[in-house]
Each structure stands twice: as C-alpha cells, then as structure tokens.
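The structure appears right after this line, and notes come after that.
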4 protein chains.
Amino acid sequence: MLIVMSNTATQAQIDAVVAVVERNACKARPMPGGDRVAIGVLHNKGPLDAALFLGLAGVKDVIPVTRPYKLVSREFKPEDTIVSVGGVNIGNGHMTMIAGPCAIESEEQAMTIAGLVKEAGATIFRGGAFKPRTSPYSFQGLGEEGLQILAQVREETGMPVVTEVMDEQTFGLVEEYADIVQIGTRNMQNYSLLKRAGKSERPVFLKRGMAATIDEWFMAAEYITEGGNHNVILCERGVRTFVHHSRNTLDISAIPYVRNESHLPIIIDPSHAAGRRDQVLPLSRAAVAGNAHGLMVEVI
Amino acid sequence: MLIVMSNTATQAQIDAVVAVVERNACKARPMPGGDRVAIGVLHNKGPLDAALFLGLAGVKDVIPVTRPYKLVSREFKPEDTIVSVGGVNIGNGHMTMIAGPCAIESEEQAMTIAGLVKEAGATIFRGGAFKPRTSPYSFQGLGEEGLQILAQVREETGMPVVTEVMDEQTFGLVEEYADIVQIGTRNMQNYSLLKRAGKSERPVFLKRGMAATIDEWFMAAEYITEGGNHNVILCERGVRTFVHHSRNTLDISAIPYVRNESHLPIIIDPSHAAGRRDQVLPLSRAAVAGNAHGLMVEVI
Amino acid sequence: MLIVMSNTATQAQIDAVVAVVERNACKARPMPGGDRVAIGVLHNKGPLDAALFLGLAGVKDVIPVTRPYKLVSREFKPEDTIVSVGGVNIGNGHMTMIAGPCAIESEEQAMTIAGLVKEAGATIFRGGAFKPRTSPYSFQGLGEEGLQILAQVREETGMPVVTEVMDEQTFGLVEEYADIVQIGTRNMQNYSLLKRAGKSERPVFLKRGMAATIDEWFMAAEYITEGGNHNVILCERGVRTFVHHSRNTLDISAIPYVRNESHLPIIIDPSHAAGRRDQVLPLSRAAVAGNAHGLMVEVI
Amino acid sequence: MLIVMSNTATQAQIDAVVAVVERNACKARPMPGGDRVAIGVLHNKGPLDAALFLGLAGVKDVIPVTRPYKLVSREFKPEDTIVSVGGVNIGNGHMTMIAGPCAIESEEQAMTIAGLVKEAGATIFRGGAFKPRTSPYSFQGLGEEGLQILAQVREETGMPVVTEVMDEQTFGLVEEYADIVQIGTRNMQNYSLLKRAGKSERPVFLKRGMAATIDEWFMAAEYITEGGNHNVILCERGVRTFVHHSRNTLDISAIPYVRNESHLPIIIDPSHAAGRRDQVLPLSRAAVAGNAHGLMVEVI
C-alpha cells in the first residue's frame, strides 16, 4: 500500500499516518519526492483497509500495491493446476468441452441431449437440478430427481457431470451425485457456500460474479483453496455493462490475465454472456482462439 | 412482451412465432405496421424468456413490456408499507436514522458508539456480528457473541437492532437476537436465503446487489413477500460503475423510481456508496433531500 | 414506439396520450390487454422523444420499437458494403490487416515499421499525424509533416494509409494525403466532423465511442452516409466498464450484431481495447475467430 | 508512478526498468520490500505512459501516483474560482440557477419561458441554438437566429445567457452572442474545440463526458486553462451505467470530490441525468443538499 500525502502535508501529519501504520503491525517507509511525500506500507498480511487512512489529515490518496490473494496466484504456485475428473483433464492444454441443457427437465430430455453433445465432442455433461431464478414464479428445477437423472447420464455415456449447488443444505446431496460442483454467478460472494466448497472433495466450478473484478473472483477462489480444496475451475460468463445488444459483455481479456496471474484453469461460458443464440458461435470461437482451457455451452 | 419481426419476415415465419407463443399458454396478437409486423404477447403469467423467440427465423427483436414483479408493486398495493419495529416506524414519512459500527468488536465499543449515535438522533442501531469479507484472511465477526452484545445494546438504549445474516444455518440464531434481519449486497440473489427470509417474522433489510437493476432487486423482494413476509425494507448502497473517485456510485434516481413503482420503504446507505469518509456527509444530505425514508450510516 | 399505460389509467388519460401522438404527426393504436392498455405509435419518421410521453398522467413506460437508423441498416441494403482503396478490399470476406505505430515520429521510424508490418502481412499502414491526447502537455503529433511521411510510406511500400482527423480545419489537409480518414473514439459524436466526413470522397474509418451503444454508433455512421459518403468502416476498440485488468473491455458480441444489423464492414482494434501488450495477441486471435473483417494493430 | 516487479524478477530485469525510466528523463528509486521490489518514478513532467513498462520482463504492475492535471488543481490554486458574468457570480457560495428550454424554437417560446424561469428564481438563461443530435434527421437548432433570440432575452430580462458551441467554425459567432459558452458532453474530449475555448474571453461551461472519469474531465479543463482562459465551470450531468430506470446515473460524489481536488465551480444538470421529468425534482434537491454551486435545468 502506498499512502500519498498532500503537497501541503505537515511533518506532524506524516508522523500521524506513520503511527497508524505501525499500530496496524506494518512498517511505514516515508519517501520524499519532488512535490510531496509518499509513504510505503510494508509487511502487511492480508489487505489493509484504505479507509483507515483516507480520513486522516494531509492524506491525498491511498493506493493498494500488493494483491490480496495468495494460494491461487501463479507467484505462489508457478505450475498449472490440472483438474482431473472421471478421466477428463481440465487445464492440461486441451480444449475441454462441457455441454448440456440449462435445466434437467426429464430423463428423456437429458439422455437425448447427452447423446447429441457427446457425438459433437463434449466430454463433460452439464444440467441444472437446482436452478437460481430471478423470479419466484419460474420453474426452480427438479431437485434430487434431476441429480438422479444426471447420475444416469454419467452411467450411460461415461461423461462426468457438473451441476449447480445453491446452498449448504443441499451441498451434501449435490456432492453425492455430481462430479463437479458449480457455484453460480449470483453466489460468487456467498462466503458460507464458498467455505463449504472448501471442505468438499469435488472440484468446484466457480463462475465469475456478474460485476466482479478479477481480484474479487480470485478472492472467492482463495476462500475455497484456503479451506483445503485446490481443485477450482474458473468460469468467465460475461460481465454487466451498459450495452443492450447482448445480455452481458464477454471479457476475453480475462483469459490472458487469469492465465498470467493464476495457475487455475479458465473456462468460457458464451451462452450466458450472449443471451441470444446467434452470438454463441462467434463468442465460442473467440474464446477458443483467445486461449481458454475450455467451453461450457448450453444447448436446448 | 412485444416480438418485432424483420421487414422481410414471411407470413409463415409470423405464423411460426404465433405457434410458439400459444404453445407457451399465451395469446399472440400480430399488429401490422408501416414497415413490419410486431406481435403482442398477452396474458403471460410471470416472465417469458426472450431467448424462446430470439432464435426464430424472421424475429428481429424481443421487447419485454410488463414488469415481472407483482406483490411488491404499487399497482398491486397502492398504499405505503410502514414497517414497525420496537416502537420505530420506517416508511411513514419521517426520516429513520440507523447508525452503528461496521462490525461489533466488543461490548465496550458497541455501548460507547450506541450512546453517541442515540444522542445524535439515531433510533435504530446497526452492527455486524457475521461479516461477509472479500478476504478469508480478514476478521469474520464475533458471531453469536456479537449478537449478544447487540441484544445488550437494545436493552440499555431501547433502540431496536439490525444485523446481517449470511446463511440459512445461522438464520434462526440471528432472528432470535435481531429486530431486523439484513441481507447484504452479495446475497441479494441468494435465493435459498431469500426463501428463508420469507418465512421469518422479522422485517428484512434488503440491500441492492452491487450491479443489480431495480427490477432484479424488486424480484428479490418478491421472493420474500411471496414467502409470506411483507415487511421488506429496501436499501440502496451504490452501484458499481467505471468511476474511481468513490467506491460505488450512489443511485439517487432509485429513490423516486422505487417510491413510484413500489410501496416498500427505501433507505440509503451512503457509507458503502462512498467508501471514503469525506463523501458520507454530502451523500447523506443528498439522500434526505432526494426523499429517502431513512439513512443507514456506519460510524467508527 | 409503445406507450404502456398504468393499470389505473383512465380513458381520459389514454385519450390525452393519443392526442399528443397525433399532434406529432403519428398514428396511435391503443391495444387493451389483460391488465392495462398499451398504445402503439405508428409511422413516426425518425425517433420520437420518449420524454414527450413519460411525464403524462397515467403513462407507466415508453418503449422504443423501431430502430432510428436507416441507410446503414441491412434491412435497407441487404448486400455487404465492400470498401476498396488502393487495391485493398475491406469487407469482402478476407481479413484486412492494418498496422503501424501510434504516432508518426520520423521518416526513419515510419519506414522501418512499414517494412516490418508489410512483411508480417499488413496491407494498410496506420500512423497518427494529429494525435488526440488526454493531456495538453503530451506530444500532439507532427501534423502536416506526419502526413507527408505517410504519403512517402505509401509511395515506397504501395500500402494505402489511414490516419486520424481531429477537426474540420485540417480535414482537407488530411484528405489530401490519406487514403482512409479516421474519426477517433472521442469524436464519434462530434456531429460537425461527421457532417464534414459525409462530404469527403475518402472512406471513413469510424471508431466506436468508448461508451457508445451500437445504436449510437450506427447513428454516427448514418450522419456520414446521409451526407453522401457510403464508404464507412466501423471499428470496435473496447468499451469502458468497471474492470481494471485491461484498459477497456473488447466487445466481441459487437461483431455478429453489426454483421446482422448492418452492411458495413467491422474491424477490431485490440491495442486500445487491451492497453497492455500481453493481451493484444489473444484479443487479435479472438477477433479473427469471431469473424471480424479485419484488425487494426498498433506496433511500437 | 510506481512500478511493481514480480517476486521472481532478476536484478538484470530491475536494472532494465531503471534504464527505461532514466531514458524518459525521470529518476528511478528501487524499494526492496518483503516479497518484491517496487520502483518509484520521480520528477516526471506530465503523465508517463504505463505501456512503456507493462511489456518489460519482470514487471507485474504499473501504478500511477501523481495526478496528471495541474492548473485546475486546488493544490496549485487553493482559493475558489468565482466566475462573474453579467452581474451573476458562480462559485461564490450561492446557488446559481440556470434554466431554459432544450432548444430555442421561436422568439415567443424563448421569451415566455425566460419570464417564467426568472420569476422562479433563475439568474442565467439557457437555450440551444446549435443542437448536437444523435440523429441526422432531428431538428438541428435555429443556428444564428437562435443566438439572436438569446441576445433579445438577455436584453429584455437582464439575464446572461449560456448556449452550446459545436465546432470551431461557429465559435466566433456563438462567442459574439453568448455570455457563457457551453461545451457539451459529446465534445468533452474534442481537443481542437477545447483549444479554441482556451483562447476565448467568455467563460466556458464544460459538461462531463458521459463516461469520463473525473481525471479526464479535469484534463479537458486543463486544456482550456492552459490556453489562457481560467473561467471554466464544470457541469456534472450523469454518467452512463448499466441501469435502465433513468437515462444516466447522477454522480453526487463528484461534487465533494471536485470541490476538494479543484478550485473550479461545479454545477449539476439533473435533466440530462434523469431523462424523465418525475426524477428532476428529487435530483435537483439532492444536488443542492450535496453542495453543488448551482443547477442547470431544462424546462419545456
């Protein structure tokens, strides 16, 4: 953290800032520049709150320098994390294709689609049993029956299955049936759920929050890894912007950034980014060309 | 919903769209205009998914017309909802002042602050016992001990208390101690938590998600009211934008919009909108002048 | 345009809205639905302002239906526009590669880079002579000397050249030297400049505004085509969002959307979207895979 | 500027960064921390481009520290700038009320409205003669005739008038009639226009770009002041966000931030922020309470 003082800051104000830094068990290193003094803050464990300093007299700006995440960073673990599940590897340099319907509606629907996506090259099957819905009046998923159908799909096709978990109550149930447990965009900062996922033996498929910075996304993954579960797969699904011509804006820059900063694999979900069928194919191609580790696509 | 056809759409394409509308138990009303046909969709219960139509041949655009929420709308219930708790009314035309520390750290800290904010005009006390933290390495709150301190504050000052609940597991515990149960910005679309709140006898203080549209916020409130709990208080706390000079951007337009569209009270939280102390006062004044039902302010 | 009335709107209020519609030379078609009346507005030339109706008693919502652009739409002209310049075609199904330095700094610099990019496959050379700079203290470009160097590059390499024009004063000068005239992101809604471009015989390279919707971008192109210049090339260069890990967020969905809605070619500028060198290659690949008509890349 | 090195950066990589800093006429000050080295860059005149360093081996991050603006900063000039025009002061602690129609349509319309707004407390009259329109098919303003009507309003009511200038060609004309020259949101980064405004003897009313950071807005003002014209009035008119319930989101935090950072007066335009009449009054009240120096309101 760097604390930038006003060009009119007095020595007493600088000393007061140094005192607050030291009270928070950090070292302060004042650096006089041409116009003003900046104070480097060293050896802070975890993030210090900028608000501690922004209110102090003579302080102009507080600039975070070090990243708040550790276990998920490539600096901490330089080699790629490869998640292996049911004979499929994610993050090992091959494109992993995950496909399936939005919601599991019936055995017949699931089996038919599973056959089609397997033939088309998918190696992991997706389908919702518990569905997070904007409206309480919408179909909320088949629940355990949906999970049983997913297990049947796995048995008949050999494809491991991924499905979303919405709360701790049903986590054990989802874990029992699913090969990969998905945490959805709306729950990316549901910390109780993240802590529970940290204790799971299943890999976790962590969607980016719809307006989350990559730092916040990494911190959500840090909750899971800090809990002991190192098999986290990141999934970019578009972020909320001012545009109207697509439901969200797919953030392709997230791919190189995540690959540089972290060892975790990154999958792209073009379906939720686009929100309209005619954009899914171009976004999928762009994601592959942009060097994602895989795709998760919804099919009807 | 209005389905706008391309100006080259054939009659067969129009008929196909009408068929899909009717298969979804709605009525289709094609309206030929100067250039093209638009098809009105009538009598839909709950929201129809635009994606059903966007992929069909000849369809140019799908425009939602009716709002997806009902119980929280002023059209459904024209008179203001007034939430009464511990002798304090929220939404009755007086400014309700809610204040307290970010997190409860000790009995002494809580009591000292409670005395100060009461003297300054606050009638409800706030303080976090379970804290949602971006980092797993940050202090996560005192938990039940914090709740007990809140209960003591109520006993000694007479002020009802509001505190955040983070999951269903601890909901019963929070309910037992708190007068108002808060659902935080990161959990605004945690539907399992919203359903549990719908069964609570405590009023619910529902913060807006950091990138939620007001429709999505209303739908979150609809989950709670549909569950049977009509005492919902909405809280605007700034939305995420491209700006850097404040942590979020306080959405003052939300006040008149919510008051027109809904009967629920709306409180402003300037502290999380600003993220810096020197902006809290101007934002608070702006919120009062903008006709909010109250303020929730953090004090150190 | 569709005007949605409140469910409590009276017949007199509906009649008053119809009267305003007719006073604006349009036809009103009231459509009674289950809950409320919606009023279709037909035969409006150009966009009607929603504000005309939003203030009227009983009006709940005003929803635009038809698009405001015409000449640039694919409905108006179904076949692709192919811009031909100096033996290079843009929009004909081949990837057009445009490359060069940010600013022209010297003849030697320009010639060296031109040789390298030509060898690497570029067919059009770019370079700034008049530079729009955030700071008045930054280098503002070589001006006419830069244009002369561009002309030399064309002469020696055979590549047509594109460079930015910043105002009407220097438009004639830029036109004289450049094969393609660029209008930058900050001038996308500089209507005086757009009108001048409409009178030019040079193709216009129109960058999207940094927070422009695609409708606004199309309307900027409409200014140029309406003035008589049909050779407009659209360039997506990232939009401003809340993210920090890249300067802007490249909007890949713009490619399929523009190709569906318009006949104009669309080029991607990954350099300004990324703002950092290590993201330019992945974004470039994504743009090609996403079906852009070409790339414009800055090289140092 | 602070250059943060990777924790695996070698001494040679650090030396290479230092060399680039020095080649750009700055001083480098490497600071070894617990995990990594950060390099402070001192004595840079004007902004250094982060891209210079982001591509270098071993560089993890580049963080700007000092602000790029100077003349408009309160550090440079601590006392408030008060703009005096036609007997009215802006920025002297009183609320300045600017009001008038969007566009001047006729003498009768202008006079009628001028009478009403004067009676209601306005001291400056606004009205558009040259109108920036999204659509080339919309009414573009009366031009010089509109300016003449404005001059008549001034003569008859005594109120100074403000109107928008769209290009350098008509700048002299606008200057001749108007007391204050407005630069609109779409031209905030039209640098040729800003430079021309810097040579004007009229105060300049500079609207914030619809997605401009405050730094960019200050830099636009810096262009004008650097040109010699110190009478700049800043006007916040809402920024573009993801919300739908208002046209833009009014950024109230801009008021305290601008007042802290700069000596220039700040006016709020609630009309363009809201885009709907029923929000103008609450936003106006909020702006006054938030400590703006004045309001600019459109009346029909």
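Chain labels run A, B, ... following the order of the structure tokens; each chain numbers its residues from 1, and ligands are numbered from 1 in the order shown.
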
Could the residues of chain D within 9 Å of chain B, counting only C-alpha atoms, be given as a compact mmCIF listing (two decimals) with N, CA and C atoms, in the first residue's frame, please?
```
# COMPACT_ATOMS: atom_id res chain seq x y z
N ALA D 211 -18.99 9.09 -20.14
CA ALA D 211 -18.29 8.02 -19.44
C ALA D 211 -16.88 8.47 -19.08
N ALA D 212 -16.75 9.75 -18.78
CA ALA D 212 -15.43 10.30 -18.45
C ALA D 212 -15.15 10.14 -16.96
N THR D 213 -13.93 9.76 -16.64
CA THR D 213 -13.50 9.82 -15.25
C THR D 213 -13.31 11.30 -14.90
N ILE D 214 -13.24 11.57 -13.61
CA ILE D 214 -13.06 12.97 -13.21
C ILE D 214 -11.67 13.45 -13.63
N VAL D 239 -23.64 9.94 -15.51
CA VAL D 239 -22.74 9.09 -16.27
C VAL D 239 -23.48 7.83 -16.72
N ARG D 240 -22.94 7.23 -17.74
CA ARG D 240 -23.58 6.04 -18.31
C ARG D 240 -23.26 4.81 -17.46
N THR D 241 -24.29 4.11 -17.06
CA THR D 241 -24.12 2.89 -16.27
C THR D 241 -25.05 1.82 -16.84
N PHE D 242 -25.15 0.70 -16.13
CA PHE D 242 -26.00 -0.40 -16.62
C PHE D 242 -27.47 -0.18 -16.31
N VAL D 243 -27.83 0.85 -15.58
CA VAL D 243 -29.22 0.98 -15.12
C VAL D 243 -30.18 1.39 -16.25
N HIS D 244 -31.45 1.07 -16.07
CA HIS D 244 -32.46 1.38 -17.08
C HIS D 244 -33.50 2.38 -16.59
N HIS D 245 -33.61 2.59 -15.28
CA HIS D 245 -34.73 3.38 -14.76
C HIS D 245 -34.49 4.88 -14.87
N SER D 246 -33.28 5.27 -15.25
CA SER D 246 -33.01 6.68 -15.56
C SER D 246 -32.08 6.68 -16.76
N THR D 249 -26.85 7.99 -14.63
CA THR D 249 -26.82 7.96 -13.17
C THR D 249 -26.07 9.20 -12.70
N LEU D 250 -26.79 10.05 -11.96
CA LEU D 250 -26.17 11.29 -11.47
C LEU D 250 -25.12 10.94 -10.43
N ASP D 251 -23.93 11.49 -10.59
CA ASP D 251 -22.80 11.14 -9.73
C ASP D 251 -22.63 12.22 -8.66
N ILE D 252 -23.37 12.07 -7.56
CA ILE D 252 -23.33 13.07 -6.49
C ILE D 252 -21.96 13.15 -5.85
N SER D 253 -21.26 12.01 -5.76
CA SER D 253 -19.91 12.02 -5.19
C SER D 253 -18.96 12.94 -5.94
N ALA D 254 -19.29 13.24 -7.19
CA ALA D 254 -18.44 14.15 -7.95
C ALA D 254 -18.38 15.53 -7.29
N ILE D 255 -19.46 15.91 -6.61
CA ILE D 255 -19.48 17.26 -6.00
C ILE D 255 -18.38 17.39 -4.94
N PRO D 256 -18.39 16.56 -3.88
CA PRO D 256 -17.32 16.74 -2.89
C PRO D 256 -15.93 16.47 -3.48
N TYR D 257 -15.84 15.52 -4.40
CA TYR D 257 -14.52 15.22 -4.96
C TYR D 257 -13.97 16.41 -5.75
N ALA D 273 -29.34 13.94 -16.55
CA ALA D 273 -29.09 12.76 -15.73
C ALA D 273 -30.33 11.88 -15.69
N ALA D 274 -31.48 12.51 -15.44
CA ALA D 274 -32.71 11.75 -15.25
C ALA D 274 -33.28 11.26 -16.58
N ASP D 278 -40.20 13.16 -13.84
CA ASP D 278 -40.53 12.90 -12.43
C ASP D 278 -39.30 12.71 -11.55
N GLN D 279 -38.12 12.60 -12.15
CA GLN D 279 -36.91 12.47 -11.32
C GLN D 279 -36.15 13.78 -11.19
N VAL D 280 -36.54 14.80 -11.95
CA VAL D 280 -35.74 16.03 -11.98
C VAL D 280 -35.78 16.75 -10.62
N LEU D 281 -36.95 16.79 -10.01
CA LEU D 281 -37.06 17.50 -8.74
C LEU D 281 -36.24 16.81 -7.64
N PRO D 282 -36.41 15.50 -7.41
CA PRO D 282 -35.57 14.86 -6.38
C PRO D 282 -34.06 14.99 -6.67
N LEU D 283 -33.66 14.88 -7.92
CA LEU D 283 -32.23 15.03 -8.22
C LEU D 283 -31.76 16.45 -7.97
N SER D 284 -32.60 17.43 -8.28
CA SER D 284 -32.23 18.83 -8.04
C SER D 284 -32.03 19.08 -6.55
N ARG D 285 -32.96 18.60 -5.77
CA ARG D 285 -32.84 18.78 -4.32
C ARG D 285 -31.59 18.11 -3.79
N ALA D 286 -31.32 16.91 -4.30
CA ALA D 286 -30.13 16.17 -3.86
C ALA D 286 -28.86 16.93 -4.20
N ALA D 287 -28.85 17.54 -5.38
CA ALA D 287 -27.66 18.28 -5.82
C ALA D 287 -27.41 19.49 -4.92
N VAL D 288 -28.48 20.19 -4.59
CA VAL D 288 -28.33 21.36 -3.71
C VAL D 288 -27.84 20.90 -2.34
N ALA D 289 -28.46 19.87 -1.81
CA ALA D 289 -28.06 19.37 -0.50
C ALA D 289 -26.64 18.82 -0.53
N GLY D 290 -26.24 18.31 -1.68
CA GLY D 290 -24.89 17.75 -1.82
C GLY D 290 -23.82 18.82 -2.03
N ASN D 291 -24.26 20.08 -2.05
CA ASN D 291 -23.33 21.22 -2.02
C ASN D 291 -22.81 21.65 -3.40
```

| task | Write down as JSON, numbers by chain the residues of segment 178-219 of chain B whose backbone DSSP state falls under strand (DSSP E). | result | {"B": [180, 181, 182, 183, 204, 205, 206, 207]}

| task | Show which residues sit within 6 Å of segment 152-164 of chain C, as a VMD selection string. Count only C-alpha atoms, and ignore same-chain residues fewer than 6 positions away. | result | chain C and resid 86 123 to 128 178 to 183

Go ahead and dump the residues you just picked, N, CA and C atoms, as a PDB file, in the first residue's frame.
```pdb
ATOM      1  N   GLY C  86      -6.912   1.745 -52.839  1.00  0.00           N
ATOM      2  CA  GLY C  86      -5.536   1.414 -53.220  1.00  0.00           C
ATOM      3  C   GLY C  86      -5.317  -0.056 -53.471  1.00  0.00           C
ATOM      4  N   THR C 123      -1.669  -4.959 -45.027  1.00  0.00           N
ATOM      5  CA  THR C 123      -1.877  -4.398 -46.363  1.00  0.00           C
ATOM      6  C   THR C 123      -2.245  -2.919 -46.319  1.00  0.00           C
ATOM      7  N   ILE C 124      -2.516  -2.417 -45.119  1.00  0.00           N
ATOM      8  CA  ILE C 124      -2.784  -0.980 -44.950  1.00  0.00           C
ATOM      9  C   ILE C 124      -1.917  -0.491 -43.793  1.00  0.00           C
ATOM     10  N   PHE C 125      -1.366   0.715 -43.953  1.00  0.00           N
ATOM     11  CA  PHE C 125      -0.487   1.282 -42.926  1.00  0.00           C
ATOM     12  C   PHE C 125      -1.239   2.337 -42.122  1.00  0.00           C
ATOM     13  N   ARG C 126      -1.059   2.344 -40.811  1.00  0.00           N
ATOM     14  CA  ARG C 126      -1.678   3.367 -39.976  1.00  0.00           C
ATOM     15  C   ARG C 126      -0.583   4.142 -39.242  1.00  0.00           C
ATOM     16  N   GLY C 127      -0.911   5.371 -38.855  1.00  0.00           N
ATOM     17  CA  GLY C 127       0.042   6.169 -38.101  1.00  0.00           C
ATOM     18  C   GLY C 127      -0.586   7.529 -37.845  1.00  0.00           C
ATOM     19  N   GLY C 128      -0.380   8.065 -36.653  1.00  0.00           N
ATOM     20  CA  GLY C 128      -1.026   9.315 -36.280  1.00  0.00           C
ATOM     21  C   GLY C 128      -0.182  10.533 -36.611  1.00  0.00           C
ATOM     22  N   ALA C 178      -4.216  11.242 -47.026  1.00  0.00           N
ATOM     23  CA  ALA C 178      -4.594   9.911 -46.541  1.00  0.00           C
ATOM     24  C   ALA C 178      -5.525   9.205 -47.508  1.00  0.00           C
ATOM     25  N   ASP C 179      -5.456   7.869 -47.532  1.00  0.00           N
ATOM     26  CA  ASP C 179      -6.385   7.089 -48.333  1.00  0.00           C
ATOM     27  C   ASP C 179      -7.680   6.831 -47.579  1.00  0.00           C
ATOM     28  N   ILE C 180      -7.540   6.682 -46.281  1.00  0.00           N
ATOM     29  CA  ILE C 180      -8.709   6.484 -45.420  1.00  0.00           C
ATOM     30  C   ILE C 180      -8.584   7.481 -44.272  1.00  0.00           C
ATOM     31  N   VAL C 181      -9.694   8.127 -43.944  1.00  0.00           N
ATOM     32  CA  VAL C 181      -9.702   9.137 -42.891  1.00  0.00           C
ATOM     33  C   VAL C 181     -10.340   8.539 -41.650  1.00  0.00           C
ATOM     34  N   GLN C 182      -9.624   8.591 -40.540  1.00  0.00           N
ATOM     35  CA  GLN C 182     -10.138   8.007 -39.302  1.00  0.00           C
ATOM     36  C   GLN C 182     -10.785   9.059 -38.416  1.00  0.00           C
ATOM     37  N   ILE C 183     -11.955   8.718 -37.866  1.00  0.00           N
ATOM     38  CA  ILE C 183     -12.573   9.541 -36.822  1.00  0.00           C
ATOM     39  C   ILE C 183     -12.449   8.756 -35.529  1.00  0.00           C
TER      40      ILE C 183
END
```

| said: At a cut-off of 7 Å, using only C-alpha atoms, what residues contact His293 of chain B? Leave out same-chain residues fewer than 5 positions from it and give the result as a list of chain:residue names. | reply: B:Ile90, B:Gly91, B:Gly93, B:His94, B:Met95, B:Thr96, B:Pro265, B:Ile266, B:Ile267

Dump N, CA and C atoms for the selected residues as an mmCIF file, in the first residue's frame?
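What landed in part_4.cif:
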```
data_model
loop_
_atom_site.group_PDB
_atom_site.id
_atom_site.type_symbol
_atom_site.label_atom_id
_atom_site.label_comp_id
_atom_site.auth_asym_id
_atom_site.auth_seq_id
_atom_site.Cartn_x
_atom_site.Cartn_y
_atom_site.Cartn_z
ATOM 1 N N ILE B 90 -40.781 2.752 9.982
ATOM 2 C CA ILE B 90 -39.979 3.043 8.792
ATOM 3 C C ILE B 90 -40.921 3.136 7.601
ATOM 4 N N GLY B 91 -40.875 4.268 6.927
ATOM 5 C CA GLY B 91 -41.730 4.434 5.752
ATOM 6 C C GLY B 91 -42.957 5.281 6.003
ATOM 7 N N GLY B 93 -43.020 8.558 6.540
ATOM 8 C CA GLY B 93 -42.872 9.981 6.256
ATOM 9 C C GLY B 93 -41.844 10.661 7.129
ATOM 10 N N HIS B 94 -41.347 9.972 8.141
ATOM 11 C CA HIS B 94 -40.251 10.538 8.924
ATOM 12 C C HIS B 94 -38.941 9.893 8.495
ATOM 13 N N MET B 95 -37.853 10.622 8.632
ATOM 14 C CA MET B 95 -36.524 10.089 8.366
ATOM 15 C C MET B 95 -36.141 9.125 9.485
ATOM 16 N N THR B 96 -35.834 7.915 9.114
ATOM 17 C CA THR B 96 -35.342 6.954 10.106
ATOM 18 C C THR B 96 -33.820 6.922 10.033
ATOM 19 N N PRO B 265 -40.587 0.786 1.712
ATOM 20 C CA PRO B 265 -39.720 1.912 2.076
ATOM 21 C C PRO B 265 -38.309 1.738 1.509
ATOM 22 N N ILE B 266 -37.650 2.869 1.262
ATOM 23 C CA ILE B 266 -36.279 2.836 0.741
ATOM 24 C C ILE B 266 -35.349 3.684 1.600
ATOM 25 N N ILE B 267 -34.300 3.024 2.062
ATOM 26 C CA ILE B 267 -33.277 3.618 2.919
ATOM 27 C C ILE B 267 -32.002 3.769 2.094
#
```

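Here atom CA of Gln189 of chain B and atom CA of Val165 of chain B stand 13.8 Å from one another.
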
| said: Which residues are near Arg36 of chain C? Cut-off 12 Å, only C-alpha atoms, ignore same chain within fewer than 6 positions. Put them as a count of residues only. | reply: 21

| task | If you run DSSP over the backbone, which residues in segment 96-277 of chain C end up helix (DSSP H, G or I)? Put them as a ChimeraX atom specification. | result | /C:107-119,144-157,171-177,185-187,191-198,214-226,254-261,270-274,277

| request: Figure out the distance between atom CA of Trp217 of chain B and atom CA of Lys70 of chain B, please, to one decimal in Å. | output: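 Distance between the two atoms: 12.7 Å.
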
| message | Using only C-alpha atoms for the distances, tell me which of B:Gly100, B:Gly238, B:Gly87, B:Pro136 is nearest to Ala122 of chain B. | response |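 Looking only at the distances to Ala122 of chain B, the closest residue turns out to be B:Gly100.
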
| request: Do a neighbour search on Ala129 of chain A at 12 Å with only C-alpha atoms, toss out local chain neighbours closer than 5 positions, and write the hits as number ranges by chain. | output: A: 101-107, 110, 139-151, 161-166, 170, 173-174, 177-178, 181-182

Selected residues written out, C-alpha atoms, as a PDB file, in the first residue's frame:
```pdb
ATOM      1  CA  PRO A 101     -29.305 -28.190 -21.226  1.00  0.00           C
ATOM      2  CA  CYS A 102     -29.970 -25.231 -18.954  1.00  0.00           C
ATOM      3  CA  ALA A 103     -32.248 -27.287 -16.690  1.00  0.00           C
ATOM      4  CA  ILE A 104     -32.791 -31.041 -16.470  1.00  0.00           C
ATOM      5  CA  GLU A 105     -36.451 -31.451 -17.323  1.00  0.00           C
ATOM      6  CA  SER A 106     -36.821 -35.213 -17.756  1.00  0.00           C
ATOM      7  CA  GLU A 107     -34.786 -38.358 -18.249  1.00  0.00           C
ATOM      8  CA  ALA A 110     -31.352 -35.311 -20.662  1.00  0.00           C
ATOM      9  CA  PHE A 139     -39.563 -23.371 -12.550  1.00  0.00           C
ATOM     10  CA  GLN A 140     -36.955 -23.952  -9.844  1.00  0.00           C
ATOM     11  CA  GLY A 141     -35.563 -27.256 -11.100  1.00  0.00           C
ATOM     12  CA  LEU A 142     -36.304 -30.930 -10.413  1.00  0.00           C
ATOM     13  CA  GLY A 143     -34.047 -31.048  -7.334  1.00  0.00           C
ATOM     14  CA  GLU A 144     -32.889 -34.525  -6.304  1.00  0.00           C
ATOM     15  CA  GLU A 145     -34.766 -36.125  -9.193  1.00  0.00           C
ATOM     16  CA  GLY A 146     -32.645 -34.002 -11.518  1.00  0.00           C
ATOM     17  CA  LEU A 147     -29.487 -35.182  -9.766  1.00  0.00           C
ATOM     18  CA  GLN A 148     -30.559 -38.809 -10.248  1.00  0.00           C
ATOM     19  CA  ILE A 149     -31.044 -38.205 -13.936  1.00  0.00           C
ATOM     20  CA  LEU A 150     -27.558 -36.672 -14.113  1.00  0.00           C
ATOM     21  CA  ALA A 151     -26.131 -39.796 -12.480  1.00  0.00           C
ATOM     22  CA  VAL A 161     -21.410 -34.319 -14.841  1.00  0.00           C
ATOM     23  CA  VAL A 162     -21.399 -30.797 -13.451  1.00  0.00           C
ATOM     24  CA  THR A 163     -24.380 -29.137 -11.780  1.00  0.00           C
ATOM     25  CA  GLU A 164     -25.011 -26.084  -9.649  1.00  0.00           C
ATOM     26  CA  VAL A 165     -25.303 -26.064  -5.889  1.00  0.00           C
ATOM     27  CA  MET A 166     -27.309 -23.237  -4.349  1.00  0.00           C
ATOM     28  CA  THR A 170     -28.223 -29.321  -0.362  1.00  0.00           C
ATOM     29  CA  LEU A 173     -26.739 -34.083  -1.825  1.00  0.00           C
ATOM     30  CA  VAL A 174     -25.239 -32.396  -4.875  1.00  0.00           C
ATOM     31  CA  TYR A 177     -24.313 -37.182  -7.400  1.00  0.00           C
ATOM     32  CA  ALA A 178     -22.155 -34.647  -9.227  1.00  0.00           C
ATOM     33  CA  VAL A 181     -19.953 -28.797  -8.196  1.00  0.00           C
ATOM     34  CA  GLN A 182     -20.816 -25.439  -9.741  1.00  0.00           C
TER      35      GLN A 182
END
```
